[in-house]
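All remarks here apply to the structure that follows.
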Amino acid sequence: MNRISNAYESLLEAFGPQDWWPSESTFETAVGAVLTQATAWTNAERAISRLREAGALRPGTLFRLEPARLRDLITPAGFSVRKAETLLGLAALAEGSEAGWSDLVSLGERDLLASLRSVRGIGPETADAIALYAAGHATFVVDAYTRRFAERHALAREGAEYDELKRLFEESLPRDARLYGEYHALLVALGKRHCRKVPLCEGCPLAEDLPIHEGLPPCGGTSAFK
DNA sequence: GACCAGGCACATC
DNA sequence: GATGTGCATGGT
């Protein structure tokens with residue numbers, strides 16, 4: 001055991017299983033990963049519902065939408081010009097594969113990540129989220145909450161690179177996609193529900209597991225307490 | 001009305 | 001390479 005796996009147990013006990021990613025298909029998961037970039041999940045959900053009503057939660061139908069129509073459908077999720085381009089790029093990947101989307105999600109981890117990263121608007125976090133939650137690869141997703149958590153609790157150096165943080169978690173935990181998915185979701189829960197309005201980390205479920213680096217902001221929020 | 005939310009690409013120094 | 005900025009909407 002180590003501090004990172006101990007923290008997982010405490011978070012799970014405090015918040016319960018998060019059962020991410022909520023979706024009806026792997027393509028919907030990927031669409032959601034793009035739509036929720038720097039956006040509250042409730043807004044991304046609205047956009048997903050609109051896509052569903054339009055029958056556009058399949059790569060083929062989404063790919064054939066007029067860009068303006070797509071932008072309109074995803075408006076609630078914000079950044080609609082960029083996100084529409086990205087969703088079309090994602091659907092184009094599937095259109096370019098022999099067996100479409102199912103072909104793509106069955107690629108090996110490296111090939112899938114490379115394909116996803118070739119789409120403008122899909123960066124490291126979004127690619128990892130799709131590889132993990134849609135394709136079931138054991139790849140740890142690092143987001144702003146993860147960084148805050150790792151820095152605040154002195155698990156990583158300040159300003160660590162994305163890959164450095166990813167490696168830290170992967171090397172501290174058994175290689176297990178389900179575990180990675182739950183951990184990432186729990187860190188989001190920690191950031192959203194717990195610390196955001198409690199700058200001193202009072203009552204934090206991690207207080208007994210981990211030291212606090214007092215000079216740094218608490219793990220709640222992504223940009224609060226700068 | 002300010003601040004924030006499950007990032008990313010690009011410009012500039 | 002580090003740091004800053006635009007992208008857009010809806011909740012608090």
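Labels for the structure tokens follow display order: chains A, B, ..., residues from 1 in each chain, ligands from 1.
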
Any chance you could tabulate, as JSON lines, the residues of chain A at most 8 Å from chain C with each one's nearest atom pair and distance in Å to one decimal, using only C-alpha atoms (C1' of nucleotides), in chain and rising number order?
```
{"residue": "A:Asn43", "atom": "CA", "partner": "C:DG10", "partner_atom": "C1'", "distance": 7.0}
{"residue": "A:Thr75", "atom": "CA", "partner": "C:DT9", "partner_atom": "C1'", "distance": 7.1}
{"residue": "A:Pro76", "atom": "CA", "partner": "C:DT9", "partner_atom": "C1'", "distance": 5.6}
{"residue": "A:Ala77", "atom": "CA", "partner": "C:DT9", "partner_atom": "C1'", "distance": 6.1}
{"residue": "A:Gly78", "atom": "CA", "partner": "C:DA8", "partner_atom": "C1'", "distance": 4.2}
{"residue": "A:Phe79", "atom": "CA", "partner": "C:DA8", "partner_atom": "C1'", "distance": 4.7}
{"residue": "A:Ser80", "atom": "CA", "partner": "C:DA8", "partner_atom": "C1'", "distance": 6.9}
{"residue": "A:Arg82", "atom": "CA", "partner": "C:DC7", "partner_atom": "C1'", "distance": 7.3}
```

What are the nearest atom pairs, with distances in Å to one decimal, for all residues of chain A that come at most 12 Å from chain B, using only C-alpha atoms (C1' of nucleotides), set out by chain and rising residue number as JSON lines?
```
{"residue": "A:Trp20", "atom": "CA", "partner": "B:DG6", "partner_atom": "C1'", "distance": 11.0}
{"residue": "A:Trp21", "atom": "CA", "partner": "B:DG6", "partner_atom": "C1'", "distance": 10.7}
{"residue": "A:Gly32", "atom": "CA", "partner": "B:DG6", "partner_atom": "C1'", "distance": 9.9}
{"residue": "A:Ala33", "atom": "CA", "partner": "B:DG6", "partner_atom": "C1'", "distance": 8.1}
{"residue": "A:Val34", "atom": "CA", "partner": "B:DG7", "partner_atom": "C1'", "distance": 8.8}
{"residue": "A:Leu35", "atom": "CA", "partner": "B:DG6", "partner_atom": "C1'", "distance": 9.9}
{"residue": "A:Thr36", "atom": "CA", "partner": "B:DG6", "partner_atom": "C1'", "distance": 6.3}
{"residue": "A:Gln37", "atom": "CA", "partner": "B:DG7", "partner_atom": "C1'", "distance": 4.9}
{"residue": "A:Ala38", "atom": "CA", "partner": "B:DG7", "partner_atom": "C1'", "distance": 5.4}
{"residue": "A:Thr39", "atom": "CA", "partner": "B:DA5", "partner_atom": "C1'", "distance": 4.5}
{"residue": "A:Ala40", "atom": "CA", "partner": "B:DA5", "partner_atom": "C1'", "distance": 4.3}
{"residue": "A:Trp41", "atom": "CA", "partner": "B:DG6", "partner_atom": "C1'", "distance": 6.9}
{"residue": "A:Thr42", "atom": "CA", "partner": "B:DA5", "partner_atom": "C1'", "distance": 9.6}
{"residue": "A:Asn43", "atom": "CA", "partner": "B:DA5", "partner_atom": "C1'", "distance": 9.2}
{"residue": "A:Ala44", "atom": "CA", "partner": "B:DG6", "partner_atom": "C1'", "distance": 10.1}
{"residue": "A:Ala77", "atom": "CA", "partner": "B:DA5", "partner_atom": "C1'", "distance": 10.4}
{"residue": "A:Gly78", "atom": "CA", "partner": "B:DA5", "partner_atom": "C1'", "distance": 10.7}
{"residue": "A:Phe79", "atom": "CA", "partner": "B:DG7", "partner_atom": "C1'", "distance": 10.8}
{"residue": "A:Arg82", "atom": "CA", "partner": "B:DC8", "partner_atom": "C1'", "distance": 9.4}
{"residue": "A:Lys83", "atom": "CA", "partner": "B:DC8", "partner_atom": "C1'", "distance": 10.1}
{"residue": "A:Thr86", "atom": "CA", "partner": "B:DC8", "partner_atom": "C1'", "distance": 10.6}
{"residue": "A:Arg117", "atom": "CA", "partner": "B:DC8", "partner_atom": "C1'", "distance": 11.2}
{"residue": "A:Val119", "atom": "CA", "partner": "B:DC8", "partner_atom": "C1'", "distance": 11.1}
{"residue": "A:Arg120", "atom": "CA", "partner": "B:DA9", "partner_atom": "C1'", "distance": 8.1}
{"residue": "A:Gly121", "atom": "CA", "partner": "B:DC8", "partner_atom": "C1'", "distance": 5.7}
{"residue": "A:Ile122", "atom": "CA", "partner": "B:DC8", "partner_atom": "C1'", "distance": 7.1}
{"residue": "A:Gly123", "atom": "CA", "partner": "B:DC8", "partner_atom": "C1'", "distance": 6.2}
{"residue": "A:Pro124", "atom": "CA", "partner": "B:DG7", "partner_atom": "C1'", "distance": 9.1}
{"residue": "A:Glu125", "atom": "CA", "partner": "B:DG7", "partner_atom": "C1'", "distance": 7.7}
{"residue": "A:Thr126", "atom": "CA", "partner": "B:DG7", "partner_atom": "C1'", "distance": 7.9}
{"residue": "A:Ala127", "atom": "CA", "partner": "B:DG7", "partner_atom": "C1'", "distance": 11.1}
{"residue": "A:Ala129", "atom": "CA", "partner": "B:DG6", "partner_atom": "C1'", "distance": 9.6}
{"residue": "A:Val141", "atom": "CA", "partner": "B:DG6", "partner_atom": "C1'", "distance": 10.1}
{"residue": "A:Val142", "atom": "CA", "partner": "B:DG6", "partner_atom": "C1'", "distance": 10.0}
{"residue": "A:Asp143", "atom": "CA", "partner": "B:DG6", "partner_atom": "C1'", "distance": 7.3}
{"residue": "A:Ala144", "atom": "CA", "partner": "B:DG6", "partner_atom": "C1'", "distance": 8.5}
{"residue": "A:Tyr145", "atom": "CA", "partner": "B:DG6", "partner_atom": "C1'", "distance": 8.4}
{"residue": "A:Thr146", "atom": "CA", "partner": "B:DG6", "partner_atom": "C1'", "distance": 10.4}
{"residue": "A:His184", "atom": "CA", "partner": "B:DG6", "partner_atom": "C1'", "distance": 9.1}
{"residue": "A:Ala185", "atom": "CA", "partner": "B:DG6", "partner_atom": "C1'", "distance": 8.3}
{"residue": "A:Leu186", "atom": "CA", "partner": "B:DG6", "partner_atom": "C1'", "distance": 10.9}
{"residue": "A:Leu187", "atom": "CA", "partner": "B:DG6", "partner_atom": "C1'", "distance": 9.7}
{"residue": "A:Val188", "atom": "CA", "partner": "B:DG6", "partner_atom": "C1'", "distance": 6.6}
{"residue": "A:Ala189", "atom": "CA", "partner": "B:DG6", "partner_atom": "C1'", "distance": 9.6}
{"residue": "A:Leu190", "atom": "CA", "partner": "B:DG6", "partner_atom": "C1'", "distance": 11.8}
{"residue": "A:Gly191", "atom": "CA", "partner": "B:DG6", "partner_atom": "C1'", "distance": 10.1}
{"residue": "A:Lys192", "atom": "CA", "partner": "B:DA5", "partner_atom": "C1'", "distance": 9.6}
{"residue": "A:Arg196", "atom": "CA", "partner": "B:DC4", "partner_atom": "C1'", "distance": 10.7}
{"residue": "A:Gly220", "atom": "CA", "partner": "B:DC4", "partner_atom": "C1'", "distance": 11.9}
{"residue": "A:Gly221", "atom": "CA", "partner": "B:DC4", "partner_atom": "C1'", "distance": 8.4}
{"residue": "A:Thr222", "atom": "CA", "partner": "B:DA5", "partner_atom": "C1'", "distance": 8.1}
{"residue": "A:Ser223", "atom": "CA", "partner": "B:DC4", "partner_atom": "C1'", "distance": 7.7}
{"residue": "A:Ala224", "atom": "CA", "partner": "B:DC4", "partner_atom": "C1'", "distance": 7.7}
{"residue": "A:Phe225", "atom": "CA", "partner": "B:DC3", "partner_atom": "C1'", "distance": 11.2}
```

Go ahead and write the selection's residues with N, CA and C atoms as a compact mmCIF listing (two decimals), in the first residue's frame.
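And here is the file that came out, result-v5.txt:
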```txt
# COMPACT_ATOMS: atom_id res chain seq x y z
N TRP A 20 -18.77 6.12 -12.89
CA TRP A 20 -18.61 6.81 -14.17
C TRP A 20 -18.31 5.80 -15.26
N TRP A 21 -18.56 6.09 -16.55
CA TRP A 21 -19.06 7.34 -17.10
C TRP A 21 -20.52 7.18 -17.42
N GLY A 32 -19.36 13.10 -24.84
CA GLY A 32 -19.44 13.76 -23.54
C GLY A 32 -18.08 14.27 -23.08
N ALA A 33 -17.04 13.49 -23.35
CA ALA A 33 -15.68 13.89 -22.94
C ALA A 33 -15.28 15.19 -23.62
N VAL A 34 -15.67 15.35 -24.85
CA VAL A 34 -15.37 16.60 -25.57
C VAL A 34 -16.24 17.74 -25.04
N LEU A 35 -17.51 17.45 -24.89
CA LEU A 35 -18.44 18.52 -24.51
C LEU A 35 -18.20 19.06 -23.10
N THR A 36 -17.67 18.24 -22.22
CA THR A 36 -17.50 18.69 -20.84
C THR A 36 -16.16 19.41 -20.62
N GLN A 37 -15.37 19.56 -21.66
CA GLN A 37 -14.10 20.29 -21.52
C GLN A 37 -14.36 21.68 -20.95
N ALA A 38 -13.74 21.99 -19.84
CA ALA A 38 -13.86 23.29 -19.18
C ALA A 38 -15.31 23.74 -19.07
N THR A 39 -16.18 22.77 -18.82
CA THR A 39 -17.62 23.05 -18.81
C THR A 39 -18.29 22.17 -17.76
N ALA A 40 -19.24 22.73 -17.04
CA ALA A 40 -19.97 21.94 -16.04
C ALA A 40 -20.69 20.78 -16.73
N TRP A 41 -20.68 19.65 -16.09
CA TRP A 41 -21.28 18.45 -16.68
C TRP A 41 -22.76 18.67 -17.01
N THR A 42 -23.47 19.42 -16.17
CA THR A 42 -24.90 19.65 -16.44
C THR A 42 -25.09 20.31 -17.80
N ASN A 43 -24.18 21.20 -18.17
CA ASN A 43 -24.29 21.85 -19.48
C ASN A 43 -23.97 20.88 -20.60
N ALA A 44 -22.97 20.05 -20.39
CA ALA A 44 -22.62 19.04 -21.39
C ALA A 44 -23.81 18.08 -21.57
N ALA A 77 -23.35 23.60 -24.15
CA ALA A 77 -22.06 23.18 -23.58
C ALA A 77 -20.96 24.21 -23.79
N GLY A 78 -21.28 25.30 -24.48
CA GLY A 78 -20.27 26.34 -24.67
C GLY A 78 -19.20 25.99 -25.68
N PHE A 79 -18.36 26.97 -26.02
CA PHE A 79 -17.26 26.76 -26.98
C PHE A 79 -17.74 26.00 -28.22
N ARG A 82 -15.55 25.48 -31.62
CA ARG A 82 -14.44 24.54 -31.47
C ARG A 82 -14.90 23.12 -31.21
N LYS A 83 -15.88 22.99 -30.32
CA LYS A 83 -16.32 21.64 -29.97
C LYS A 83 -17.03 20.96 -31.15
N THR A 86 -14.38 19.60 -33.31
CA THR A 86 -13.77 18.43 -32.68
C THR A 86 -14.67 17.20 -32.80
N ARG A 117 -5.61 11.77 -30.42
CA ARG A 117 -4.80 12.99 -30.32
C ARG A 117 -4.60 13.68 -31.66
N VAL A 119 -6.92 14.43 -33.57
CA VAL A 119 -8.08 15.31 -33.78
C VAL A 119 -7.84 16.63 -33.07
N ARG A 120 -7.99 17.71 -33.78
CA ARG A 120 -7.83 19.03 -33.19
C ARG A 120 -8.90 19.25 -32.13
N GLY A 121 -8.49 19.57 -30.93
CA GLY A 121 -9.45 19.78 -29.84
C GLY A 121 -9.47 18.63 -28.85
N ILE A 122 -8.79 17.54 -29.22
CA ILE A 122 -8.65 16.43 -28.27
C ILE A 122 -7.22 16.44 -27.75
N GLY A 123 -7.07 16.83 -26.50
CA GLY A 123 -5.76 16.89 -25.85
C GLY A 123 -5.54 15.65 -25.00
N PRO A 124 -4.52 15.68 -24.17
CA PRO A 124 -4.18 14.48 -23.38
C PRO A 124 -5.29 14.01 -22.45
N GLU A 125 -5.95 14.93 -21.78
CA GLU A 125 -6.97 14.50 -20.83
C GLU A 125 -8.17 13.88 -21.53
N THR A 126 -8.66 14.53 -22.57
CA THR A 126 -9.82 14.02 -23.28
C THR A 126 -9.52 12.68 -23.93
N ALA A 127 -8.34 12.54 -24.49
CA ALA A 127 -7.96 11.27 -25.11
C ALA A 127 -7.91 10.17 -24.05
N ALA A 129 -9.51 10.12 -21.22
CA ALA A 129 -10.87 9.86 -20.72
C ALA A 129 -11.62 8.93 -21.67
N VAL A 141 -6.56 9.22 -15.96
CA VAL A 141 -6.94 10.54 -16.46
C VAL A 141 -6.52 11.62 -15.45
N VAL A 142 -5.73 12.55 -15.92
CA VAL A 142 -5.27 13.64 -15.05
C VAL A 142 -6.01 14.92 -15.43
N ASP A 143 -6.69 15.50 -14.48
CA ASP A 143 -7.35 16.77 -14.76
C ASP A 143 -6.92 17.81 -13.73
N ALA A 144 -7.54 18.97 -13.79
CA ALA A 144 -7.15 20.04 -12.89
C ALA A 144 -7.33 19.64 -11.43
N TYR A 145 -8.38 18.86 -11.16
CA TYR A 145 -8.60 18.40 -9.78
C TYR A 145 -7.48 17.48 -9.33
N THR A 146 -7.07 16.60 -10.22
CA THR A 146 -6.00 15.65 -9.90
C THR A 146 -4.72 16.40 -9.56
N HIS A 184 -10.50 8.64 -10.60
CA HIS A 184 -10.64 9.94 -11.26
C HIS A 184 -11.97 10.59 -10.88
N ALA A 185 -13.04 9.79 -10.91
CA ALA A 185 -14.36 10.31 -10.56
C ALA A 185 -14.40 10.78 -9.10
N LEU A 186 -13.72 10.04 -8.23
CA LEU A 186 -13.70 10.41 -6.82
C LEU A 186 -12.94 11.72 -6.61
N LEU A 187 -11.89 11.93 -7.38
CA LEU A 187 -11.14 13.18 -7.26
C LEU A 187 -12.00 14.36 -7.71
N VAL A 188 -12.82 14.13 -8.71
CA VAL A 188 -13.74 15.18 -9.16
C VAL A 188 -14.76 15.45 -8.05
N ALA A 189 -15.24 14.37 -7.44
CA ALA A 189 -16.21 14.53 -6.34
C ALA A 189 -15.58 15.31 -5.19
N LEU A 190 -14.33 14.99 -4.89
CA LEU A 190 -13.61 15.68 -3.82
C LEU A 190 -13.53 17.18 -4.13
N GLY A 191 -13.13 17.47 -5.34
CA GLY A 191 -12.98 18.86 -5.74
C GLY A 191 -14.29 19.61 -5.76
N LYS A 192 -15.31 18.96 -6.26
CA LYS A 192 -16.60 19.65 -6.42
C LYS A 192 -17.37 19.79 -5.12
N ARG A 196 -14.18 22.86 -2.03
CA ARG A 196 -14.30 24.10 -2.75
C ARG A 196 -14.58 25.29 -1.85
N GLY A 220 -9.93 21.47 -3.70
CA GLY A 220 -11.22 21.79 -4.30
C GLY A 220 -11.11 22.80 -5.41
N GLY A 221 -12.01 22.70 -6.36
CA GLY A 221 -12.05 23.68 -7.45
C GLY A 221 -10.92 23.49 -8.42
N THR A 222 -11.00 24.16 -9.55
CA THR A 222 -9.94 24.03 -10.52
C THR A 222 -9.15 25.32 -10.61
N SER A 223 -9.83 26.41 -10.40
CA SER A 223 -9.09 27.67 -10.49
C SER A 223 -9.34 28.58 -9.29
N ALA A 224 -10.14 28.09 -8.34
CA ALA A 224 -10.40 28.88 -7.14
C ALA A 224 -9.15 28.96 -6.27
N PHE A 225 -9.08 29.93 -5.43
CA PHE A 225 -7.99 30.08 -4.46
C PHE A 225 -6.62 30.19 -5.10
```

Practice prompt. With a distance cut-off of 9 Å and only C-alpha atoms (C1' of nucleotides), select the neighbouring residues of Ala91 (chain A), excluding the residue or stretch itself and same-chain residues fewer than 4 positions from it, and output the selection as a list in words.
Written response: Phe27, Arg58, Pro59, Gly60, Thr61, Leu62, Phe63, Thr86, Leu87, Glu95, Gly96, Gly100 and Trp101 of chain A

Only C-alpha atoms, please: the residues just picked out, written as a PDB file, in the first residue's frame.
```
ATOM      1  CA  PHE A  27     -19.608   7.018 -28.735  1.00  0.00           C
ATOM      2  CA  ARG A  58     -24.044   7.985 -33.761  1.00  0.00           C
ATOM      3  CA  PRO A  59     -20.848   8.796 -35.670  1.00  0.00           C
ATOM      4  CA  GLY A  60     -22.486   8.461 -39.095  1.00  0.00           C
ATOM      5  CA  THR A  61     -25.397  10.779 -38.405  1.00  0.00           C
ATOM      6  CA  LEU A  62     -23.279  13.270 -36.499  1.00  0.00           C
ATOM      7  CA  PHE A  63     -20.732  13.333 -39.315  1.00  0.00           C
ATOM      8  CA  THR A  86     -13.767  18.427 -32.679  1.00  0.00           C
ATOM      9  CA  LEU A  87     -16.886  16.262 -32.701  1.00  0.00           C
ATOM     10  CA  GLU A  95     -15.965   7.151 -40.820  1.00  0.00           C
ATOM     11  CA  GLY A  96     -12.402   6.563 -41.924  1.00  0.00           C
ATOM     12  CA  GLY A 100     -16.459   2.514 -38.118  1.00  0.00           C
ATOM     13  CA  TRP A 101     -16.504   3.461 -34.478  1.00  0.00           C
TER      14      TRP A 101
END
```

Fill in: Members of region 32-224 of chain A assigned alpha helix (DSSP H) by DSSP, as a ChimeraX atom specification
/A:32-35,41-53,59-63,67-73,80-95,101-105,109-117,124-133,144-152,162-172,177-189
